[in-house]
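Undergrad: This is the structure I want to talk about, given as structure tokens.
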Amino acid sequence: MPPSFVHRITKYDPADRDEHGHYTGAEDTVSDHGPVEAAYLAAISAFAEASGIDRLQIREPAVTGLIPFGVEPPVEGHGLGGLFPPDLNGYHDGAEVSLPVALELVRVMLRDQGAWCRLEAGDVFTVHVGWDQYVYVGSDRLCADAVARTRELGLFPEPLTASPYAAEVNGSEVTEAADEDFWVRVRTALAARQTVLLEEVHVRNAPRWHRLTAGNLDAVRAGLSPRALLSVWPDLDPDVGAVLAALPQEGSVEFVWEAQDGTVSHAVVDDTEYQELAALVAGARAACALPLGLDERHPLLCAVLPDSDGVLRARW
């Protein structure tokens, strides 16, 4: 259950809204990267303190993909530099962070720098950042002092029945756990095919790819991020030229290839970028092209890593 008391926190004066609730005032819809942004973070901190919260979980983490978030241009590292390493280890569903780190994540989202997630402490406390500098804070307490502090900071806390960014708990598309039975089926696929391709998604729009063999399966499995979405695909094709030649004449695809050093990379390209792609993958050992549409993507196996107690808590 979501928290009982939810407030929408914005810099937009309710007096400047029309009869439909649309803001008609002069405030900009981007962060000022200054005192107003600092006021947002101070207000969230006040609600967290009033709720007895000093740590939050990252839920449904994402980074910018084919379609960027927000109106500000994405920055290198999705704005997460200094918070997480370049490979985004530690930025995954269920990762627990301190309140100061959570506030920095809110800053990244307010600036539309390319990363987004929900921040939650079970059904006790939530922080959701929406479009155009709208922030939704939920608590299991009234937080009257935090509401007053938010007004002192020059922001406008407005009570709501629920956050519009609350997770749809029953909306998960993948409900199969990557349990021991799943890994038995992976081994069966390896016995038949010798090598398969594993797609590991621990952050939306930032998959990691592994070529699995019977010899490296255990090592790859040990390094997977918690709660990752796993998809098993047929192996890459060693005839890279044939894969390039078979690309569709129109549209976009996800191109996956293994370089000479064994690293597996991917890129989303459209029909105007095939020449650059061919130069990029020159010398690759093997490759494949996968469709982008969900209705067209049919992996051999698909499951989500459960927590150590065997319970599937990720919402994919």
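So you can find residues: chains in the structure tokens are A, B, ... in the order shown, residues in each start at 1, and ligands are numbered from 1 in order.
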Need the shell around Ala191 (chain A): protein/DNA/RNA residues with any atom at most 12 Å away, counting only C-alpha atoms. Skip same-chain ones fewer than 2 positions apart. Format as an MDAnalysis selection string?

TA: chainID A and resid 184:189 193:196 212:215 217

Undergrad: Write a file of the selected residues as a short mmCIF file (atom, residue, chain, number, x, y, z; two decimals), in the first residue's frame, keeping all heavy atoms.

TA:
data_model
loop_
_atom_site.label_atom_id
_atom_site.label_comp_id
_atom_site.auth_asym_id
_atom_site.auth_seq_id
_atom_site.Cartn_x
_atom_site.Cartn_y
_atom_site.Cartn_z
N VAL A 184 18.79 -24.31 -14.89
CA VAL A 184 18.82 -25.65 -15.49
C VAL A 184 18.45 -25.56 -16.96
O VAL A 184 19.08 -26.19 -17.82
CB VAL A 184 17.88 -26.61 -14.73
CG1 VAL A 184 17.67 -27.89 -15.53
CG2 VAL A 184 18.44 -26.93 -13.35
N ARG A 185 17.44 -24.75 -17.28
CA ARG A 185 17.04 -24.58 -18.67
C ARG A 185 18.11 -23.85 -19.49
O ARG A 185 18.29 -24.13 -20.68
CB ARG A 185 15.70 -23.85 -18.75
CG ARG A 185 14.52 -24.75 -18.37
CD ARG A 185 13.19 -24.05 -18.52
NE ARG A 185 13.00 -23.08 -17.47
CZ ARG A 185 12.28 -21.97 -17.60
NH1 ARG A 185 11.71 -21.69 -18.76
NH2 ARG A 185 12.13 -21.14 -16.59
N VAL A 186 18.82 -22.92 -18.84
CA VAL A 186 19.94 -22.26 -19.53
C VAL A 186 21.02 -23.29 -19.88
O VAL A 186 21.54 -23.32 -21.00
CB VAL A 186 20.53 -21.13 -18.67
CG1 VAL A 186 21.80 -20.58 -19.32
CG2 VAL A 186 19.51 -20.00 -18.49
N ARG A 187 21.33 -24.16 -18.91
CA ARG A 187 22.34 -25.19 -19.17
C ARG A 187 21.88 -26.15 -20.27
O ARG A 187 22.69 -26.61 -21.09
CB ARG A 187 22.64 -25.95 -17.88
CG ARG A 187 23.38 -25.12 -16.84
CD ARG A 187 23.79 -25.95 -15.63
NE ARG A 187 24.40 -25.11 -14.60
CZ ARG A 187 25.67 -24.72 -14.61
NH1 ARG A 187 26.47 -25.10 -15.61
NH2 ARG A 187 26.14 -23.96 -13.65
N THR A 188 20.58 -26.43 -20.31
CA THR A 188 20.06 -27.29 -21.37
C THR A 188 20.23 -26.62 -22.73
O THR A 188 20.61 -27.28 -23.72
CB THR A 188 18.58 -27.61 -21.11
OG1 THR A 188 18.45 -28.29 -19.85
CG2 THR A 188 18.00 -28.47 -22.21
N ALA A 189 19.96 -25.33 -22.78
CA ALA A 189 20.15 -24.58 -24.03
C ALA A 189 21.62 -24.59 -24.44
O ALA A 189 21.94 -24.72 -25.63
CB ALA A 189 19.64 -23.16 -23.87
N ARG A 193 23.30 -25.81 -27.88
CA ARG A 193 23.79 -24.75 -28.76
C ARG A 193 25.26 -24.39 -28.53
O ARG A 193 25.83 -23.63 -29.29
CB ARG A 193 22.94 -23.48 -28.57
CG ARG A 193 21.47 -23.67 -28.94
CD ARG A 193 20.65 -22.47 -28.49
NE ARG A 193 19.24 -22.59 -28.85
CZ ARG A 193 18.70 -22.07 -29.95
NH1 ARG A 193 19.46 -21.39 -30.80
NH2 ARG A 193 17.43 -22.23 -30.20
N GLN A 194 25.88 -24.85 -27.44
CA GLN A 194 27.25 -24.55 -27.05
C GLN A 194 27.43 -23.11 -26.54
O GLN A 194 28.11 -22.87 -25.56
CB GLN A 194 28.26 -24.81 -28.19
CG GLN A 194 28.67 -26.26 -28.35
CD GLN A 194 27.54 -27.14 -28.85
OE1 GLN A 194 27.02 -26.90 -29.95
NE2 GLN A 194 27.16 -28.14 -28.08
N THR A 195 26.82 -22.15 -27.21
CA THR A 195 26.93 -20.74 -26.80
C THR A 195 25.59 -20.06 -26.99
O THR A 195 24.91 -20.28 -27.99
CB THR A 195 27.99 -20.00 -27.63
OG1 THR A 195 29.21 -20.73 -27.61
CG2 THR A 195 28.25 -18.60 -27.08
N VAL A 196 25.19 -19.24 -26.01
CA VAL A 196 24.00 -18.40 -26.15
C VAL A 196 24.35 -16.99 -25.70
O VAL A 196 25.38 -16.75 -25.07
CB VAL A 196 22.80 -18.94 -25.32
CG1 VAL A 196 22.35 -20.29 -25.83
CG2 VAL A 196 23.14 -19.00 -23.83
N LEU A 212 27.41 -16.61 -23.28
CA LEU A 212 27.48 -17.67 -22.28
C LEU A 212 27.96 -18.98 -22.90
O LEU A 212 27.53 -19.36 -23.99
CB LEU A 212 26.10 -17.92 -21.67
CG LEU A 212 25.51 -16.88 -20.71
CD1 LEU A 212 24.18 -17.40 -20.17
CD2 LEU A 212 26.47 -16.56 -19.59
N THR A 213 28.83 -19.65 -22.17
CA THR A 213 29.23 -21.01 -22.49
C THR A 213 29.14 -21.82 -21.21
O THR A 213 28.98 -21.26 -20.11
CB THR A 213 30.68 -21.06 -23.02
OG1 THR A 213 31.57 -20.67 -21.98
CG2 THR A 213 30.86 -20.15 -24.23
N ALA A 214 29.25 -23.13 -21.33
CA ALA A 214 29.24 -23.96 -20.13
C ALA A 214 30.40 -23.60 -19.23
O ALA A 214 30.31 -23.71 -17.99
CB ALA A 214 29.30 -25.44 -20.53
N GLY A 215 31.51 -23.13 -19.82
CA GLY A 215 32.69 -22.82 -19.03
C GLY A 215 32.60 -21.52 -18.25
O GLY A 215 33.20 -21.40 -17.19
N LEU A 217 29.54 -19.85 -17.48
CA LEU A 217 28.20 -19.59 -16.96
C LEU A 217 28.22 -19.22 -15.48
O LEU A 217 27.61 -18.23 -15.07
CB LEU A 217 27.30 -20.81 -17.18
CG LEU A 217 25.90 -20.73 -16.53
CD1 LEU A 217 25.12 -19.54 -17.06
CD2 LEU A 217 25.14 -22.03 -16.77
#

Undergrad: Need the shell around Gly241 (chain A): protein/DNA/RNA residues with any atom at most 12 Å away, counting only C-alpha atoms. Skip same-chain ones fewer than 3 positions apart. Format as an MDAnalysis selection string?

TA: chainID A and resid 237:238 244:247 257 274 277:279 281:289

Undergrad: Let's have the selection written as a PDB file, in the first residue's frame, with N, CA and C atoms.

TA:
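Printed below is part38.pdb as written:
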ATOM      1  N   ASP A 237      26.166 -14.340 -34.668  1.00  0.00           N
ATOM      2  CA  ASP A 237      26.538 -14.957 -35.938  1.00  0.00           C
ATOM      3  C   ASP A 237      27.976 -14.557 -36.279  1.00  0.00           C
ATOM      4  N   PRO A 238      28.871 -15.509 -36.522  1.00  0.00           N
ATOM      5  CA  PRO A 238      30.251 -15.152 -36.868  1.00  0.00           C
ATOM      6  C   PRO A 238      30.383 -14.460 -38.224  1.00  0.00           C
ATOM      7  N   LEU A 244      25.186  -7.538 -41.320  1.00  0.00           N
ATOM      8  CA  LEU A 244      25.073  -6.151 -41.795  1.00  0.00           C
ATOM      9  C   LEU A 244      24.246  -6.075 -43.078  1.00  0.00           C
ATOM     10  N   ALA A 245      24.459  -7.019 -43.962  1.00  0.00           N
ATOM     11  CA  ALA A 245      23.748  -7.002 -45.238  1.00  0.00           C
ATOM     12  C   ALA A 245      22.254  -7.254 -45.071  1.00  0.00           C
ATOM     13  N   ALA A 246      21.874  -7.937 -44.003  1.00  0.00           N
ATOM     14  CA  ALA A 246      20.472  -8.289 -43.782  1.00  0.00           C
ATOM     15  C   ALA A 246      19.703  -7.244 -42.975  1.00  0.00           C
ATOM     16  N   LEU A 247      20.343  -6.140 -42.608  1.00  0.00           N
ATOM     17  CA  LEU A 247      19.645  -5.112 -41.840  1.00  0.00           C
ATOM     18  C   LEU A 247      18.466  -4.563 -42.647  1.00  0.00           C
ATOM     19  N   TRP A 257      27.403  -6.860 -30.929  1.00  0.00           N
ATOM     20  CA  TRP A 257      28.587  -7.485 -31.519  1.00  0.00           C
ATOM     21  C   TRP A 257      29.660  -7.744 -30.460  1.00  0.00           C
ATOM     22  N   TYR A 274      23.887   2.988 -41.064  1.00  0.00           N
ATOM     23  CA  TYR A 274      24.497   1.686 -41.326  1.00  0.00           C
ATOM     24  C   TYR A 274      25.960   1.802 -41.753  1.00  0.00           C
ATOM     25  N   LEU A 277      27.926   2.303 -38.721  1.00  0.00           N
ATOM     26  CA  LEU A 277      27.909   1.070 -37.946  1.00  0.00           C
ATOM     27  C   LEU A 277      28.931   0.084 -38.497  1.00  0.00           C
ATOM     28  N   ALA A 278      28.978  -0.057 -39.818  1.00  0.00           N
ATOM     29  CA  ALA A 278      29.916  -0.992 -40.430  1.00  0.00           C
ATOM     30  C   ALA A 278      31.352  -0.641 -40.057  1.00  0.00           C
ATOM     31  N   ALA A 279      31.663   0.656 -40.011  1.00  0.00           N
ATOM     32  CA  ALA A 279      33.010   1.073 -39.618  1.00  0.00           C
ATOM     33  C   ALA A 279      33.255   0.790 -38.143  1.00  0.00           C
ATOM     34  N   VAL A 281      32.014  -1.593 -36.271  1.00  0.00           N
ATOM     35  CA  VAL A 281      32.137  -3.015 -35.922  1.00  0.00           C
ATOM     36  C   VAL A 281      33.158  -3.736 -36.800  1.00  0.00           C
ATOM     37  N   ALA A 282      33.936  -2.996 -37.552  1.00  0.00           N
ATOM     38  CA  ALA A 282      34.954  -3.629 -38.393  1.00  0.00           C
ATOM     39  C   ALA A 282      35.884  -4.477 -37.535  1.00  0.00           C
ATOM     40  N   GLY A 283      36.092  -5.716 -37.926  1.00  0.00           N
ATOM     41  CA  GLY A 283      36.948  -6.615 -37.163  1.00  0.00           C
ATOM     42  C   GLY A 283      36.238  -7.377 -36.077  1.00  0.00           C
ATOM     43  N   ALA A 284      34.918  -7.143 -35.909  1.00  0.00           N
ATOM     44  CA  ALA A 284      34.169  -7.860 -34.868  1.00  0.00           C
ATOM     45  C   ALA A 284      34.176  -9.360 -35.134  1.00  0.00           C
ATOM     46  N   ARG A 285      34.162 -10.137 -34.054  1.00  0.00           N
ATOM     47  CA  ARG A 285      34.143 -11.597 -34.177  1.00  0.00           C
ATOM     48  C   ARG A 285      32.788 -12.135 -34.612  1.00  0.00           C
ATOM     49  N   ALA A 286      31.727 -11.525 -34.107  1.00  0.00           N
ATOM     50  CA  ALA A 286      30.381 -12.030 -34.367  1.00  0.00           C
ATOM     51  C   ALA A 286      29.383 -10.928 -34.035  1.00  0.00           C
ATOM     52  N   ALA A 287      28.148 -11.058 -34.533  1.00  0.00           N
ATOM     53  CA  ALA A 287      27.158 -10.005 -34.326  1.00  0.00           C
ATOM     54  C   ALA A 287      25.759 -10.555 -34.531  1.00  0.00           C
ATOM     55  N   CYS A 288      24.771  -9.750 -34.144  1.00  0.00           N
ATOM     56  CA  CYS A 288      23.375 -10.040 -34.451  1.00  0.00           C
ATOM     57  C   CYS A 288      22.612  -8.731 -34.432  1.00  0.00           C
ATOM     58  N   ALA A 289      21.442  -8.732 -35.034  1.00  0.00           N
ATOM     59  CA  ALA A 289      20.556  -7.569 -35.025  1.00  0.00           C
ATOM     60  C   ALA A 289      19.219  -8.000 -34.444  1.00  0.00           C
TER      61      ALA A 289
END

Undergrad: Work out how far CA of Val36 (chain A) is from CA of Asp145 (chain A), in Å to one decimal.

TA: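 These two atoms are separated by 19.6 Å.
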
Undergrad: What parts of region 164-284 of chain A does DSSP call strand (DSSP E)? I'd like the answer as a PyMOL selection string.

TA: chain A and resi 195-201+208-213+229-234+252-258+264-270

Undergrad: Apply DSSP to the backbone of this structure and, from region 193-247 of chain A, keep only the residues in alpha helix (DSSP H); write these as a ChimeraX atom specification.

TA: /A:193,217-222,240-245

Undergrad: Hey, which of A:Ala242, A:Ala95, A:Leu103, A:Met1 ends up closest to Gln57 (chain A)? Count only C-alpha atoms.

TA: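 With only C-alpha atoms as the atom set, the closest residue is A:Ala95.
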
Undergrad: Quick check, in Å to one decimal: how far apart do CA of Leu290 (chain A) and CA of Leu229 (chain A) lie?

TA: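 Going from CA of Leu290 (chain A) over to CA of Leu229 (chain A) covers 16.8 Å.
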